[in-house]
Amino acid sequence: MTDAMPHLDDAGENDDVVALLKQQHNHIRDLFAEVENATADDRAEAFRRLVRLLAVHETAEEEVVHPAARRLLQDGEQVVDGRLEEERAAKEKLSRLDDMNPDDPGFMPALRELRADVLQHAASEEQYEFPGLREKAGAQQLAMMATAVRAAEAMAPTRPHPGVETAAENVAVGPVAAVIDRTRDAVRKAMGKDS
């Protein structure tokens with residue numbers, strides 16, 4: 001049980017899972033703003049980066065953070081179940097957006113709706129899940145979780161997969177989905193469609 005302040009490791013990365021995820025939440029906010037403010041020519045590329053970050057971020061939370069919160073928090077089951085429902089709904093919206101052309105007239109209203117949902121989800125994690133993790137997990141456990149989050153992100157699918165929101169589902173479906181997603185990403189990049 002520690003309230004140790006997070007710090008950067010030798011590679012300049014957060015060695016505290018809560019600080020790492022909050023940093024990613026800020027990056028997600030910035031990417032939403034970038035997509036919204038991008039010119040028509042740049043919107044697809046910015047959106048692709050947002051999709052990728054959301055997909056790998058949520059997968060890592062589902063594989064590492066939520067299982068720990070279930071174990072460590074007094075009301076962990078309830079807290080995590082609420083976050084998983086939010087993640088499922090966001091993945092469904094993101095998946096629909098991912099199939100749309102960013103020039104479609106319905107794209108920006110749908111993006112704004114997704115943004116509101118994702119930012120509310122992040123706020124809920126920061127209010128209900130992260131403080132308990134920081135209180136109940138020691139600095140060493142928070143550091144190990146940050147390392148595990150980075151490892152999960154390296155192997156995570158790069159597209160949303162609604163219905164896959166638990167650690168077990170991610171382990172069963174994730175590796176195959178990740179290969180397919182990363183192959184699709186490489187083909188799209190080679191074709192000059194987006195990155």
# chains A, B, ... in the order shown; residues from 1 in each chain; ligands from 1
call {"tool": "select_by_dssp", "arguments": {"residues": "stretch 15-195 of chain A", "states": "alpha helix (DSSP H)", "output": "PyMOL selection string"}}
result
chain A and resi 17-37+40-60+66-72+76-98+107-124+130-136+139-155+167-190
call {"tool": "closest_residue", "arguments": {"among": "A:His27, A:Ala44, A:Glu34, A:Pro67", "to": "A:Phe107", "atoms": "only C-alpha atoms"}}
result
A:Ala44
call {"tool": "atom_distance", "arguments": {"atom1": "atom CA of A:Phe47", "atom2": "atom CA of A:Glu61"}}
result
20.9 Å
call {"tool": "atom_distance", "arguments": {"atom1": "atom CA of A:Met145", "atom2": "atom CA of A:Val17"}}
result
5.7 Å
call {"tool": "atom_distance", "arguments": {"atom1": "atom CA of A:Pro131", "atom2": "atom CA of A:Lys22"}}
result
11.5 Å
call {"tool": "residues_around", "arguments": {"residues": "stretch 108-111 of chain A", "least_positions_apart": "3", "cutoff": "9 Å", "atoms": "only C-alpha atoms", "output": "PDB file with all heavy atoms, in the first residue's frame"}}
result
ATOM      1  N   PHE A  32      -8.432  13.213 -30.699  1.00  0.00           N
ATOM      2  CA  PHE A  32      -9.800  13.580 -31.079  1.00  0.00           C
ATOM      3  C   PHE A  32      -9.821  15.012 -31.610  1.00  0.00           C
ATOM      4  O   PHE A  32     -10.424  15.285 -32.647  1.00  0.00           O
ATOM      5  CB  PHE A  32     -10.769  13.448 -29.899  1.00  0.00           C
ATOM      6  CG  PHE A  32     -11.430  12.107 -29.783  1.00  0.00           C
ATOM      7  CD1 PHE A  32     -11.135  11.265 -28.730  1.00  0.00           C
ATOM      8  CD2 PHE A  32     -12.368  11.694 -30.724  1.00  0.00           C
ATOM      9  CE1 PHE A  32     -11.758  10.026 -28.615  1.00  0.00           C
ATOM     10  CE2 PHE A  32     -12.995  10.462 -30.620  1.00  0.00           C
ATOM     11  CZ  PHE A  32     -12.687   9.625 -29.561  1.00  0.00           C
ATOM     12  N   VAL A  35      -8.288  15.151 -35.109  1.00  0.00           N
ATOM     13  CA  VAL A  35      -9.193  14.649 -36.149  1.00  0.00           C
ATOM     14  C   VAL A  35     -10.268  15.692 -36.446  1.00  0.00           C
ATOM     15  O   VAL A  35     -10.549  15.990 -37.612  1.00  0.00           O
ATOM     16  CB  VAL A  35      -9.835  13.302 -35.742  1.00  0.00           C
ATOM     17  CG1 VAL A  35     -10.893  12.869 -36.759  1.00  0.00           C
ATOM     18  CG2 VAL A  35      -8.772  12.216 -35.594  1.00  0.00           C
ATOM     19  N   GLU A  36     -10.849  16.255 -35.405  1.00  0.00           N
ATOM     20  CA  GLU A  36     -11.905  17.247 -35.601  1.00  0.00           C
ATOM     21  C   GLU A  36     -11.407  18.484 -36.337  1.00  0.00           C
ATOM     22  O   GLU A  36     -12.140  19.070 -37.134  1.00  0.00           O
ATOM     23  CB  GLU A  36     -12.507  17.666 -34.257  1.00  0.00           C
ATOM     24  CG  GLU A  36     -13.431  16.621 -33.671  1.00  0.00           C
ATOM     25  CD  GLU A  36     -14.198  17.166 -32.483  1.00  0.00           C
ATOM     26  OE1 GLU A  36     -15.124  17.960 -32.710  1.00  0.00           O
ATOM     27  OE2 GLU A  36     -13.870  16.785 -31.355  1.00  0.00           O
ATOM     28  N   LYS A  93     -19.272   1.837 -31.680  1.00  0.00           N
ATOM     29  CA  LYS A  93     -19.302   3.126 -32.384  1.00  0.00           C
ATOM     30  C   LYS A  93     -18.028   3.329 -33.192  1.00  0.00           C
ATOM     31  O   LYS A  93     -18.073   3.795 -34.333  1.00  0.00           O
ATOM     32  CB  LYS A  93     -19.486   4.277 -31.396  1.00  0.00           C
ATOM     33  CG  LYS A  93     -20.873   4.316 -30.802  1.00  0.00           C
ATOM     34  CD  LYS A  93     -21.028   5.421 -29.772  1.00  0.00           C
ATOM     35  CE  LYS A  93     -22.437   5.374 -29.191  1.00  0.00           C
ATOM     36  NZ  LYS A  93     -22.648   6.383 -28.160  1.00  0.00           N
ATOM     37  N   LEU A  94     -16.892   2.991 -32.610  1.00  0.00           N
ATOM     38  CA  LEU A  94     -15.620   3.147 -33.310  1.00  0.00           C
ATOM     39  C   LEU A  94     -15.567   2.246 -34.539  1.00  0.00           C
ATOM     40  O   LEU A  94     -15.075   2.654 -35.591  1.00  0.00           O
ATOM     41  CB  LEU A  94     -14.457   2.845 -32.361  1.00  0.00           C
ATOM     42  CG  LEU A  94     -13.056   3.054 -32.917  1.00  0.00           C
ATOM     43  CD1 LEU A  94     -12.841   4.499 -33.350  1.00  0.00           C
ATOM     44  CD2 LEU A  94     -12.011   2.643 -31.878  1.00  0.00           C
ATOM     45  N   ARG A  96     -18.108   1.247 -36.361  1.00  0.00           N
ATOM     46  CA  ARG A  96     -18.946   1.864 -37.405  1.00  0.00           C
ATOM     47  C   ARG A  96     -18.223   3.035 -38.056  1.00  0.00           C
ATOM     48  O   ARG A  96     -18.235   3.187 -39.275  1.00  0.00           O
ATOM     49  CB  ARG A  96     -20.285   2.298 -36.831  1.00  0.00           C
ATOM     50  CG  ARG A  96     -21.239   1.139 -36.548  1.00  0.00           C
ATOM     51  CD  ARG A  96     -22.659   1.594 -36.245  1.00  0.00           C
ATOM     52  NE  ARG A  96     -22.781   2.417 -35.060  1.00  0.00           N
ATOM     53  CZ  ARG A  96     -22.937   1.951 -33.822  1.00  0.00           C
ATOM     54  NH1 ARG A  96     -22.993   0.649 -33.610  1.00  0.00           N
ATOM     55  NH2 ARG A  96     -23.051   2.770 -32.792  1.00  0.00           N
ATOM     56  N   LEU A  97     -17.575   3.852 -37.242  1.00  0.00           N
ATOM     57  CA  LEU A  97     -16.814   4.988 -37.786  1.00  0.00           C
ATOM     58  C   LEU A  97     -15.655   4.517 -38.651  1.00  0.00           C
ATOM     59  O   LEU A  97     -15.348   5.130 -39.672  1.00  0.00           O
ATOM     60  CB  LEU A  97     -16.265   5.840 -36.642  1.00  0.00           C
ATOM     61  CG  LEU A  97     -17.075   7.029 -36.206  1.00  0.00           C
ATOM     62  CD1 LEU A  97     -16.523   7.615 -34.918  1.00  0.00           C
ATOM     63  CD2 LEU A  97     -17.144   8.085 -37.272  1.00  0.00           C
ATOM     64  N   PRO A 102     -14.093   9.388 -43.896  1.00  0.00           N
ATOM     65  CA  PRO A 102     -14.099  10.616 -43.106  1.00  0.00           C
ATOM     66  C   PRO A 102     -14.773  11.807 -43.800  1.00  0.00           C
ATOM     67  O   PRO A 102     -15.105  12.789 -43.145  1.00  0.00           O
ATOM     68  CB  PRO A 102     -12.619  10.899 -42.859  1.00  0.00           C
ATOM     69  CG  PRO A 102     -11.981   9.552 -42.926  1.00  0.00           C
ATOM     70  CD  PRO A 102     -12.756   8.808 -43.993  1.00  0.00           C
ATOM     71  N   ASP A 103     -14.986  11.712 -45.103  1.00  0.00           N
ATOM     72  CA  ASP A 103     -15.680  12.775 -45.840  1.00  0.00           C
ATOM     73  C   ASP A 103     -17.197  12.605 -45.791  1.00  0.00           C
ATOM     74  O   ASP A 103     -17.928  13.504 -46.205  1.00  0.00           O
ATOM     75  CB  ASP A 103     -15.224  12.800 -47.304  1.00  0.00           C
ATOM     76  CG  ASP A 103     -13.759  13.181 -47.436  1.00  0.00           C
ATOM     77  OD1 ASP A 103     -13.249  13.917 -46.557  1.00  0.00           O
ATOM     78  OD2 ASP A 103     -13.123  12.755 -48.415  1.00  0.00           O
ATOM     79  N   ASP A 104     -17.664  11.463 -45.302  1.00  0.00           N
ATOM     80  CA  ASP A 104     -19.104  11.205 -45.200  1.00  0.00           C
ATOM     81  C   ASP A 104     -19.732  12.262 -44.295  1.00  0.00           C
ATOM     82  O   ASP A 104     -19.188  12.577 -43.244  1.00  0.00           O
ATOM     83  CB  ASP A 104     -19.308   9.802 -44.616  1.00  0.00           C
ATOM     84  CG  ASP A 104     -20.750   9.373 -44.566  1.00  0.00           C
ATOM     85  OD1 ASP A 104     -21.549  10.066 -43.897  1.00  0.00           O
ATOM     86  OD2 ASP A 104     -21.073   8.346 -45.163  1.00  0.00           O
ATOM     87  N   PRO A 105     -20.888  12.817 -44.665  1.00  0.00           N
ATOM     88  CA  PRO A 105     -21.522  13.846 -43.837  1.00  0.00           C
ATOM     89  C   PRO A 105     -21.870  13.370 -42.422  1.00  0.00           C
ATOM     90  O   PRO A 105     -21.949  14.187 -41.498  1.00  0.00           O
ATOM     91  CB  PRO A 105     -22.802  14.202 -44.586  1.00  0.00           C
ATOM     92  CG  PRO A 105     -22.682  13.600 -45.931  1.00  0.00           C
ATOM     93  CD  PRO A 105     -21.608  12.557 -45.896  1.00  0.00           C
ATOM     94  N   LEU A 114     -18.803   9.753 -30.285  1.00  0.00           N
ATOM     95  CA  LEU A 114     -17.793   8.827 -29.765  1.00  0.00           C
ATOM     96  C   LEU A 114     -16.858   9.549 -28.809  1.00  0.00           C
ATOM     97  O   LEU A 114     -16.524   9.020 -27.743  1.00  0.00           O
ATOM     98  CB  LEU A 114     -16.998   8.192 -30.910  1.00  0.00           C
ATOM     99  CG  LEU A 114     -15.827   7.303 -30.470  1.00  0.00           C
ATOM    100  CD1 LEU A 114     -16.337   6.057 -29.755  1.00  0.00           C
ATOM    101  CD2 LEU A 114     -14.958   6.936 -31.665  1.00  0.00           C
ATOM    102  N   ARG A 115     -16.433  10.749 -29.183  1.00  0.00           N
ATOM    103  CA  ARG A 115     -15.528  11.513 -28.331  1.00  0.00           C
ATOM    104  C   ARG A 115     -16.148  11.715 -26.946  1.00  0.00           C
ATOM    105  O   ARG A 115     -15.488  11.505 -25.928  1.00  0.00           O
ATOM    106  CB  ARG A 115     -15.210  12.864 -28.965  1.00  0.00           C
ATOM    107  CG  ARG A 115     -14.299  13.710 -28.115  1.00  0.00           C
ATOM    108  CD  ARG A 115     -14.065  15.073 -28.729  1.00  0.00           C
ATOM    109  NE  ARG A 115     -13.089  15.791 -27.941  1.00  0.00           N
ATOM    110  CZ  ARG A 115     -12.503  16.889 -28.321  1.00  0.00           C
ATOM    111  NH1 ARG A 115     -12.782  17.419 -29.490  1.00  0.00           N
ATOM    112  NH2 ARG A 115     -11.634  17.491 -27.554  1.00  0.00           N
ATOM    113  N   ALA A 116     -17.403  12.139 -26.897  1.00  0.00           N
ATOM    114  CA  ALA A 116     -18.073  12.355 -25.608  1.00  0.00           C
ATOM    115  C   ALA A 116     -18.085  11.066 -24.790  1.00  0.00           C
ATOM    116  O   ALA A 116     -17.799  11.086 -23.582  1.00  0.00           O
ATOM    117  CB  ALA A 116     -19.490  12.875 -25.831  1.00  0.00           C
TER     118      ALA A 116
END
call {"tool": "closest_atom_pairs", "arguments": {"of": "stretch 97-121 of chain A", "to": "stretch 71-84 of chain A", "cutoff": "12 Å", "atoms": "only C-alpha atoms", "output": "tab-separated table"}}
result
residue	atom	partner	partner_atom	distance
A:Asp117	CA	A:Arg83	CA	11.3
A:Val118	CA	A:Arg83	CA	10.6
A:Gln120	CA	A:Arg83	CA	10.2
A:His121	CA	A:Arg83	CA	6.9
call {"tool": "write_last_selection", "arguments": {"atoms": "all heavy atoms", "output": "short mmCIF file (atom, residue, chain, number, x, y, z; two decimals), in the first residue's frame"}}
result
data_model
loop_
_atom_site.label_atom_id
_atom_site.label_comp_id
_atom_site.auth_asym_id
_atom_site.auth_seq_id
_atom_site.Cartn_x
_atom_site.Cartn_y
_atom_site.Cartn_z
N ASP A 117 -18.40 9.95 -25.43
CA ASP A 117 -18.44 8.66 -24.73
C ASP A 117 -17.07 8.24 -24.22
O ASP A 117 -16.92 7.78 -23.08
CB ASP A 117 -19.00 7.56 -25.64
CG ASP A 117 -20.47 7.73 -25.95
OD1 ASP A 117 -21.13 8.59 -25.32
OD2 ASP A 117 -20.96 7.02 -26.85
N VAL A 118 -16.05 8.37 -25.06
CA VAL A 118 -14.70 7.95 -24.69
C VAL A 118 -14.16 8.83 -23.56
O VAL A 118 -13.55 8.33 -22.61
CB VAL A 118 -13.76 7.97 -25.92
CG1 VAL A 118 -12.30 7.84 -25.50
CG2 VAL A 118 -14.14 6.85 -26.88
N GLN A 120 -15.91 10.45 -21.34
CA GLN A 120 -16.64 10.11 -20.12
C GLN A 120 -16.10 8.80 -19.54
O GLN A 120 -15.95 8.66 -18.32
CB GLN A 120 -18.15 10.00 -20.38
CG GLN A 120 -18.96 9.60 -19.16
CD GLN A 120 -18.73 10.53 -17.97
OE1 GLN A 120 -18.86 11.74 -18.10
NE2 GLN A 120 -18.38 9.97 -16.82
N HIS A 121 -15.81 7.85 -20.41
CA HIS A 121 -15.23 6.57 -19.97
C HIS A 121 -13.88 6.81 -19.27
O HIS A 121 -13.63 6.27 -18.19
CB HIS A 121 -15.06 5.64 -21.18
CG HIS A 121 -14.24 4.44 -20.91
ND1 HIS A 121 -14.67 3.40 -20.13
CD2 HIS A 121 -12.99 4.10 -21.32
CE1 HIS A 121 -13.73 2.46 -20.07
NE2 HIS A 121 -12.70 2.88 -20.78
#
